[in-house]
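I have placed the structure first, in the form of structure tokens, so that the comments after it can refer back to it.
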Amino acid sequence: MNKLEILKKRMPLNATESRLLLVRNLGIEGEAFISRILSEKLNVQPLVLEDFLFEIDGSECQIDFLLIFEYECLIIEVKHYDGDYIYGDEFITKLNTKKSYPNPTLQLVRATDRLAKLFVKENIRMKIITSLLYTHPGFYLYHAPVDSRVVFLPQIKKFMETLNKKPCGIQERHERVFERLKSLRLESSSYERKITYDFDELKKCVTCAKCDGEMVRKNAGDRKYVYCTLCDTQENFQEAMLRNSAELEYLFPEKRLTLSLVLEWVGDCISRQFLRNILATRYKLVRSGRTTHYVRRNLDRKL
Ligand SMILES: [Zn+2]
């Protein structure tokens with residue numbers, strides 16, 4: 001879950017935000033594909049850091065996969081572009097739309113430079129190697145130069161065989177590097193942190209997990225399920241409430257989670273007592289002076 005994904009169900013996004021969301025979702029598809037291949041086809045066990053976002057010299061860098069082997073550290077960048085493209089030194093251009101995208105090989109070089117800088121700063125001595133994986137079955141790149149770093153979909157099997165031959169004796173020092181890198185990881189990009197939204201301006205309803213629709217109860221007697229008015233998905237009412245309250249916590253970590261706040265958030269679709277019972281399954285009630293608010297029973301605030 002990310003902020004934009006939740007927000008788009010409750011407010012209109014501007015063009016930049018919509019584009020960011022689209023790019024990210026496409027990226028997620030490709031990354032999920034590689035993540036699955038790595039877990040199924042990798043016989044050796046390097047340390048794997050997925051979606052590593054870090055800051056160096058005041059700028060941010062995101063790496064899809066970072067694999068720590070015994071002697072080297074492999075950056076894997078995944079591109080899930082669909083369609084026919086023409087290769088250019090600085091841009092690759094989509095044939096039918098003539099739209100240009102930054103050459104992913106150059107992005108890879110930049111990512112390598114930044115990671116190398118981070119390694120120097122953190123006193124990590126490891127060789128960095130890189131691979132760029134094109135994962136979409138409908139992707140073709142005209143005039144692509146021969147480049148051993150670039151892996152097209154039909155070459156992924158061979159690529160995995162190469163990885164399986166790499167020495168992979170993971171020791172304590174590798175674990176230390178891995179833990180250090182994990183601790184430097186940023187939770188969200190600076191752009192994401194800059195997105196502004198206001199509680200009062202967001203739509204108050206139970207949102208659907210599968211689409212941007214709103215969920216309602218079909219009739220007053222049916223207390224167990226809610227249904228999406230757009231895609232007709234059915235969800236257990238309690239789960240939908242907890243999912244929506246988790247989104248509220250995620251978007252507004254500074255707000256105190258009171259019964260009235262959650263009630264307003266879900267569009268007053270439930271009685272106070274019923275909501276109280278549902279919230280009690282995940283949160284505990286904390287009294288501060290004359291007011292009460294909810295906090296999670298465990299500290300895991302992940303969605
Ligand atoms: Zn839906």
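Scheme for the structure tokens: letters A, B, ... for chains in order shown; per-chain residue numbers from 1; ligand numbers from 1 in order shown.
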
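A distance cut-off of 12 Å from ligand 1, applied to only C-alpha atoms and all ligand atoms, picks out the residues A:Lys9, A:Val206, A:Thr207, A:Cys208, A:Ala209, A:Lys210, A:Cys211, A:Asp212, A:Gly213, A:Glu214, A:Met215, A:Val216, A:Val226, A:Tyr227, A:Cys228, A:Thr229, A:Leu230, A:Cys231, A:Asp232, A:Thr233, A:Gln234, A:Glu235, A:Ala240.
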
*Among segment 17-171 of chain A, which residues carry a DSSP assignment of helix (DSSP H, G or I), reported as an NGL selection string?*
:A and (17-41 or 104-121 or 153-164)

*Write out as a ChimeraX atom specification each polymer residue whose atoms come within 12 Å of Phe33 of chain A, counting only C-alpha atoms; drop sequence neighbours fewer than 3 positions from it.*
/A:26-30,36-41,64,78-80,133-137,153,156

Write the selection just made, keeping N, CA and C atoms, as a PDB file, in the first residue's frame?
```pdb
ATOM      1  N   LEU A  26       3.131  -0.174 -12.566  1.00  0.00           N
ATOM      2  CA  LEU A  26       3.789  -0.958 -13.617  1.00  0.00           C
ATOM      3  C   LEU A  26       5.058  -1.581 -13.063  1.00  0.00           C
ATOM      4  N   GLY A  27       5.803  -0.765 -12.317  1.00  0.00           N
ATOM      5  CA  GLY A  27       7.038  -1.240 -11.706  1.00  0.00           C
ATOM      6  C   GLY A  27       6.770  -2.408 -10.779  1.00  0.00           C
ATOM      7  N   ILE A  28       5.706  -2.295 -10.020  1.00  0.00           N
ATOM      8  CA  ILE A  28       5.373  -3.336  -9.049  1.00  0.00           C
ATOM      9  C   ILE A  28       5.125  -4.675  -9.738  1.00  0.00           C
ATOM     10  N   GLU A  29       4.470  -4.621 -10.905  1.00  0.00           N
ATOM     11  CA  GLU A  29       4.187  -5.852 -11.652  1.00  0.00           C
ATOM     12  C   GLU A  29       5.477  -6.560 -12.060  1.00  0.00           C
ATOM     13  N   GLY A  30       6.407  -5.786 -12.608  1.00  0.00           N
ATOM     14  CA  GLY A  30       7.689  -6.348 -13.020  1.00  0.00           C
ATOM     15  C   GLY A  30       8.481  -6.860 -11.834  1.00  0.00           C
ATOM     16  N   ARG A  36       9.331 -13.357  -7.683  1.00  0.00           N
ATOM     17  CA  ARG A  36       8.875 -14.749  -7.744  1.00  0.00           C
ATOM     18  C   ARG A  36       9.960 -15.639  -8.356  1.00  0.00           C
ATOM     19  N   ILE A  37      10.559 -15.162  -9.450  1.00  0.00           N
ATOM     20  CA  ILE A  37      11.625 -15.939 -10.106  1.00  0.00           C
ATOM     21  C   ILE A  37      12.790 -16.151  -9.147  1.00  0.00           C
ATOM     22  N   LEU A  38      13.154 -15.094  -8.425  1.00  0.00           N
ATOM     23  CA  LEU A  38      14.283 -15.212  -7.492  1.00  0.00           C
ATOM     24  C   LEU A  38      13.981 -16.255  -6.422  1.00  0.00           C
ATOM     25  N   SER A  39      12.751 -16.240  -5.932  1.00  0.00           N
ATOM     26  CA  SER A  39      12.448 -17.191  -4.858  1.00  0.00           C
ATOM     27  C   SER A  39      12.286 -18.615  -5.384  1.00  0.00           C
ATOM     28  N   GLU A  40      11.882 -18.749  -6.657  1.00  0.00           N
ATOM     29  CA  GLU A  40      11.677 -20.106  -7.194  1.00  0.00           C
ATOM     30  C   GLU A  40      12.938 -20.703  -7.827  1.00  0.00           C
ATOM     31  N   LYS A  41      13.709 -19.874  -8.502  1.00  0.00           N
ATOM     32  CA  LYS A  41      14.806 -20.398  -9.325  1.00  0.00           C
ATOM     33  C   LYS A  41      16.204 -20.208  -8.734  1.00  0.00           C
ATOM     34  N   ASP A  64      15.730  -1.511  -7.402  1.00  0.00           N
ATOM     35  CA  ASP A  64      14.660  -2.516  -7.297  1.00  0.00           C
ATOM     36  C   ASP A  64      15.092  -3.711  -6.444  1.00  0.00           C
ATOM     37  N   VAL A  78      14.497  -3.412 -12.775  1.00  0.00           N
ATOM     38  CA  VAL A  78      13.469  -4.093 -13.552  1.00  0.00           C
ATOM     39  C   VAL A  78      12.644  -3.068 -14.325  1.00  0.00           C
ATOM     40  N   LYS A  79      12.468  -3.312 -15.616  1.00  0.00           N
ATOM     41  CA  LYS A  79      11.600  -2.445 -16.412  1.00  0.00           C
ATOM     42  C   LYS A  79      10.499  -3.296 -17.037  1.00  0.00           C
ATOM     43  N   HIS A  80       9.268  -2.912 -16.760  1.00  0.00           N
ATOM     44  CA  HIS A  80       8.133  -3.693 -17.247  1.00  0.00           C
ATOM     45  C   HIS A  80       7.424  -2.935 -18.377  1.00  0.00           C
ATOM     46  N   LEU A 133      16.790  -5.798 -16.226  1.00  0.00           N
ATOM     47  CA  LEU A 133      15.901  -6.857 -16.704  1.00  0.00           C
ATOM     48  C   LEU A 133      14.625  -6.278 -17.314  1.00  0.00           C
ATOM     49  N   TYR A 134      14.370  -6.622 -18.561  1.00  0.00           N
ATOM     50  CA  TYR A 134      13.104  -6.242 -19.191  1.00  0.00           C
ATOM     51  C   TYR A 134      12.148  -7.415 -19.043  1.00  0.00           C
ATOM     52  N   THR A 135      11.029  -7.192 -18.365  1.00  0.00           N
ATOM     53  CA  THR A 135      10.215  -8.338 -17.960  1.00  0.00           C
ATOM     54  C   THR A 135       8.897  -8.519 -18.722  1.00  0.00           C
ATOM     55  N   HIS A 136       8.528  -7.534 -19.527  1.00  0.00           N
ATOM     56  CA  HIS A 136       7.208  -7.656 -20.172  1.00  0.00           C
ATOM     57  C   HIS A 136       7.286  -8.516 -21.442  1.00  0.00           C
ATOM     58  N   PRO A 137       6.389  -9.499 -21.588  1.00  0.00           N
ATOM     59  CA  PRO A 137       6.438 -10.355 -22.786  1.00  0.00           C
ATOM     60  C   PRO A 137       6.140  -9.590 -24.067  1.00  0.00           C
ATOM     61  N   LEU A 153      13.584 -10.853 -21.646  1.00  0.00           N
ATOM     62  CA  LEU A 153      12.787 -11.947 -21.075  1.00  0.00           C
ATOM     63  C   LEU A 153      13.273 -13.356 -21.456  1.00  0.00           C
ATOM     64  N   ILE A 156      16.246 -14.655 -19.312  1.00  0.00           N
ATOM     65  CA  ILE A 156      16.196 -14.681 -17.848  1.00  0.00           C
ATOM     66  C   ILE A 156      16.607 -16.045 -17.272  1.00  0.00           C
TER      67      ILE A 156
END
```

*asked:* Need to verify the contact set: segment 282-293 of chain A, 8 Å, only C-alpha atoms, exclusion of same-chain residues closer than 3 positions in sequence. Can you return it as a list in words?
replied: Leu242, Arg256, Leu257, Thr258, Leu259, Ile278, Leu279, Arg296 and Arg297 of chain A

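Among the candidates A:Arg176, A:Arg110, A:Lys204, A:Lys224, the residue lying nearest to Asn244 of chain A is A:Lys204 (atoms considered: only C-alpha atoms).
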
*Please provide as a PyMOL selection string all residues within 12 Å of Thr16 of chain A, with the sequence filter that same-chain residues fewer than 5 positions apart are discarded (counting only C-alpha atoms).*
chain A and resi 4+21-23+191-192+195

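Using only C-alpha atoms, the shortest contact distance between Ser189 of chain A and any of A:Gln45, A:Leu53, A:Lys127, A:Asn14 is found at A:Leu53.
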
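Take atom CA of Lys99 of chain A and atom CA of Val150 of chain A: the distance between them is 21.5 Å.
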
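Using only C-alpha atoms, the shortest contact distance between Gly169 of chain A and any of A:Asp268, A:Glu70, A:Glu77, A:Glu31 is found at A:Glu70.
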
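Of the residues listed (A:Leu106, A:Cys73, A:Leu141, A:Ile6), A:Ile6 shows the shortest atom-to-atom separation from Phe252 of chain A; distances use only C-alpha atoms.
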
*State, in Å with one decimal place, the distance from atom CA of Glu55 of chain A to atom CA of Ser100 of chain A.*
26.7 Å

*Looking at only C-alpha atoms, which of A:Ala144, A:Ile75, A:Leu95, A:Val151 is the one that sits closest to Ile129 of chain A?*
A:Ile75

*Could you pull out all residues of segment 59-176 of chain A with a DSSP call of strand (DSSP E) and give them as JSON, numbers by chain?*
{"A": [59, 60, 61, 62, 63, 64, 65, 66, 67, 68, 72, 73, 74, 75, 76, 77, 78, 79, 83, 84, 85, 86, 87, 91, 92, 93, 94, 100, 101, 102, 127, 128, 129, 130, 131, 132, 133, 134, 139, 140, 141, 142, 150, 151]}

Next, dump the selected residues to file, keeping only N, CA and C atoms, as a CSV table (one decimal), in the first residue's frame.
```csv
chain,number,residue,atom,x,y,z
A,59,SER,N,20.5,13.6,-2.7
A,59,SER,CA,19.5,13.2,-3.7
A,59,SER,C,19.1,11.7,-3.4
A,60,GLU,N,18.0,11.3,-3.9
A,60,GLU,CA,17.5,10.0,-3.6
A,60,GLU,C,17.7,9.0,-4.7
A,61,CYS,N,17.9,7.8,-4.4
A,61,CYS,CA,18.1,6.8,-5.4
A,61,CYS,C,17.3,5.5,-5.0
A,62,GLN,N,16.7,4.9,-6.0
A,62,GLN,CA,15.9,3.7,-5.7
A,62,GLN,C,16.4,2.6,-6.5
A,63,ILE,N,16.6,1.5,-5.8
A,63,ILE,CA,17.1,0.3,-6.5
A,63,ILE,C,16.1,-0.9,-6.3
A,64,ASP,N,15.7,-1.5,-7.4
A,64,ASP,CA,14.7,-2.5,-7.3
A,64,ASP,C,15.1,-3.7,-6.4
A,65,PHE,N,16.3,-4.3,-6.8
A,65,PHE,CA,16.8,-5.4,-6.0
A,65,PHE,C,18.3,-5.2,-5.8
A,66,LEU,N,18.7,-5.5,-4.6
A,66,LEU,CA,20.1,-5.5,-4.3
A,66,LEU,C,20.4,-6.9,-3.7
A,67,LEU,N,21.3,-7.6,-4.4
A,67,LEU,CA,21.6,-9.0,-3.9
A,67,LEU,C,23.1,-9.0,-3.4
A,68,ILE,N,23.3,-9.4,-2.2
A,68,ILE,CA,24.6,-9.5,-1.7
A,68,ILE,C,25.1,-10.9,-1.7
A,72,GLU,N,30.5,-10.0,-4.3
A,72,GLU,CA,30.0,-8.9,-5.0
A,72,GLU,C,28.5,-8.6,-4.6
A,73,CYS,N,28.1,-7.4,-5.0
A,73,CYS,CA,26.8,-6.9,-4.7
A,73,CYS,C,26.1,-6.6,-6.1
A,74,LEU,N,25.0,-7.2,-6.3
A,74,LEU,CA,24.4,-7.1,-7.6
A,74,LEU,C,23.1,-6.2,-7.5
A,75,ILE,N,23.1,-5.1,-8.4
A,75,ILE,CA,22.0,-4.3,-8.5
A,75,ILE,C,21.1,-4.9,-9.6
A,76,ILE,N,19.8,-5.1,-9.4
A,76,ILE,CA,18.9,-5.5,-10.5
A,76,ILE,C,17.9,-4.4,-10.6
A,77,GLU,N,17.8,-3.9,-11.8
A,77,GLU,CA,16.8,-2.9,-12.1
A,77,GLU,C,15.8,-3.6,-13.0
A,78,VAL,N,14.5,-3.4,-12.8
A,78,VAL,CA,13.5,-4.1,-13.6
A,78,VAL,C,12.6,-3.1,-14.3
A,79,LYS,N,12.5,-3.3,-15.6
A,79,LYS,CA,11.6,-2.4,-16.4
A,79,LYS,C,10.5,-3.3,-17.0
A,83,GLY,N,5.4,-3.0,-25.4
A,83,GLY,CA,5.3,-2.4,-26.7
A,83,GLY,C,6.7,-2.4,-27.4
A,84,ASP,N,6.7,-1.7,-28.6
A,84,ASP,CA,7.9,-1.7,-29.4
A,84,ASP,C,8.6,-0.3,-29.1
A,85,TYR,N,9.9,-0.4,-28.9
A,85,TYR,CA,10.7,0.8,-28.6
A,85,TYR,C,11.9,0.9,-29.5
A,86,ILE,N,12.4,2.1,-29.7
A,86,ILE,CA,13.7,2.2,-30.5
A,86,ILE,C,14.7,2.7,-29.5
A,87,TYR,N,15.9,2.1,-29.5
A,87,TYR,CA,17.0,2.5,-28.6
A,87,TYR,C,17.7,3.7,-29.0
A,91,PHE,N,17.6,8.3,-24.7
A,91,PHE,CA,16.2,7.9,-24.5
A,91,PHE,C,15.9,6.7,-25.2
A,92,ILE,N,14.8,5.9,-24.8
A,92,ILE,CA,14.2,4.9,-25.6
A,92,ILE,C,12.9,5.5,-26.0
A,93,THR,N,12.5,5.3,-27.3
A,93,THR,CA,11.3,5.9,-27.7
A,93,THR,C,10.2,4.9,-28.2
A,94,LYS,N,9.0,5.1,-27.7
A,94,LYS,CA,8.0,4.1,-28.0
A,94,LYS,C,7.5,4.4,-29.4
A,100,SER,N,9.2,9.5,-25.4
A,100,SER,CA,10.5,9.1,-25.0
A,100,SER,C,10.6,8.9,-23.5
A,101,TYR,N,11.4,7.9,-23.2
A,101,TYR,CA,11.7,7.6,-21.7
A,101,TYR,C,13.2,7.6,-21.5
A,102,PRO,N,13.6,8.0,-20.4
A,102,PRO,CA,15.1,8.0,-20.1
A,102,PRO,C,15.6,6.6,-20.3
A,127,LYS,N,32.5,-5.1,-4.4
A,127,LYS,CA,32.4,-4.8,-5.8
A,127,LYS,C,30.9,-4.7,-6.2
A,128,ILE,N,30.5,-3.8,-7.0
A,128,ILE,CA,29.1,-3.6,-7.4
A,128,ILE,C,29.0,-4.0,-8.9
A,129,ILE,N,28.1,-5.0,-9.1
A,129,ILE,CA,27.8,-5.3,-10.5
A,129,ILE,C,26.3,-5.0,-10.8
A,130,THR,N,25.9,-5.0,-12.1
A,130,THR,CA,24.5,-4.5,-12.3
A,130,THR,C,23.9,-5.4,-13.4
A,131,SER,N,22.6,-5.4,-13.3
A,131,SER,CA,21.8,-6.0,-14.4
A,131,SER,C,20.5,-5.3,-14.6
A,132,LEU,N,20.1,-5.2,-15.9
A,132,LEU,CA,18.8,-4.5,-16.2
A,132,LEU,C,17.9,-5.5,-16.8
A,133,LEU,N,16.8,-5.8,-16.2
A,133,LEU,CA,15.9,-6.9,-16.7
A,133,LEU,C,14.6,-6.3,-17.3
A,134,TYR,N,14.4,-6.6,-18.6
A,134,TYR,CA,13.1,-6.2,-19.2
A,134,TYR,C,12.1,-7.4,-19.0
A,139,PHE,N,7.4,-6.7,-24.9
A,139,PHE,CA,8.4,-5.6,-25.1
A,139,PHE,C,9.4,-6.0,-26.2
A,140,TYR,N,9.7,-5.0,-27.0
A,140,TYR,CA,10.8,-5.2,-28.0
A,140,TYR,C,11.6,-3.9,-28.2
A,141,LEU,N,12.9,-4.1,-28.2
A,141,LEU,CA,13.7,-2.9,-28.3
A,141,LEU,C,14.6,-3.0,-29.6
A,142,TYR,N,14.2,-2.1,-30.6
A,142,TYR,CA,15.0,-2.1,-31.8
A,142,TYR,C,16.3,-1.4,-31.6
A,150,VAL,N,22.3,-6.1,-19.9
A,150,VAL,CA,20.9,-6.1,-20.2
A,150,VAL,C,20.4,-7.5,-20.4
A,151,VAL,N,19.3,-7.8,-19.8
A,151,VAL,CA,18.7,-9.1,-19.9
A,151,VAL,C,17.2,-9.0,-20.4
```

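Among A:Leu181, A:Val109, A:Val120, A:Leu115, the residue with the shortest atom-to-atom distance to Arg149 of chain A, counting only C-alpha atoms, is A:Val109.
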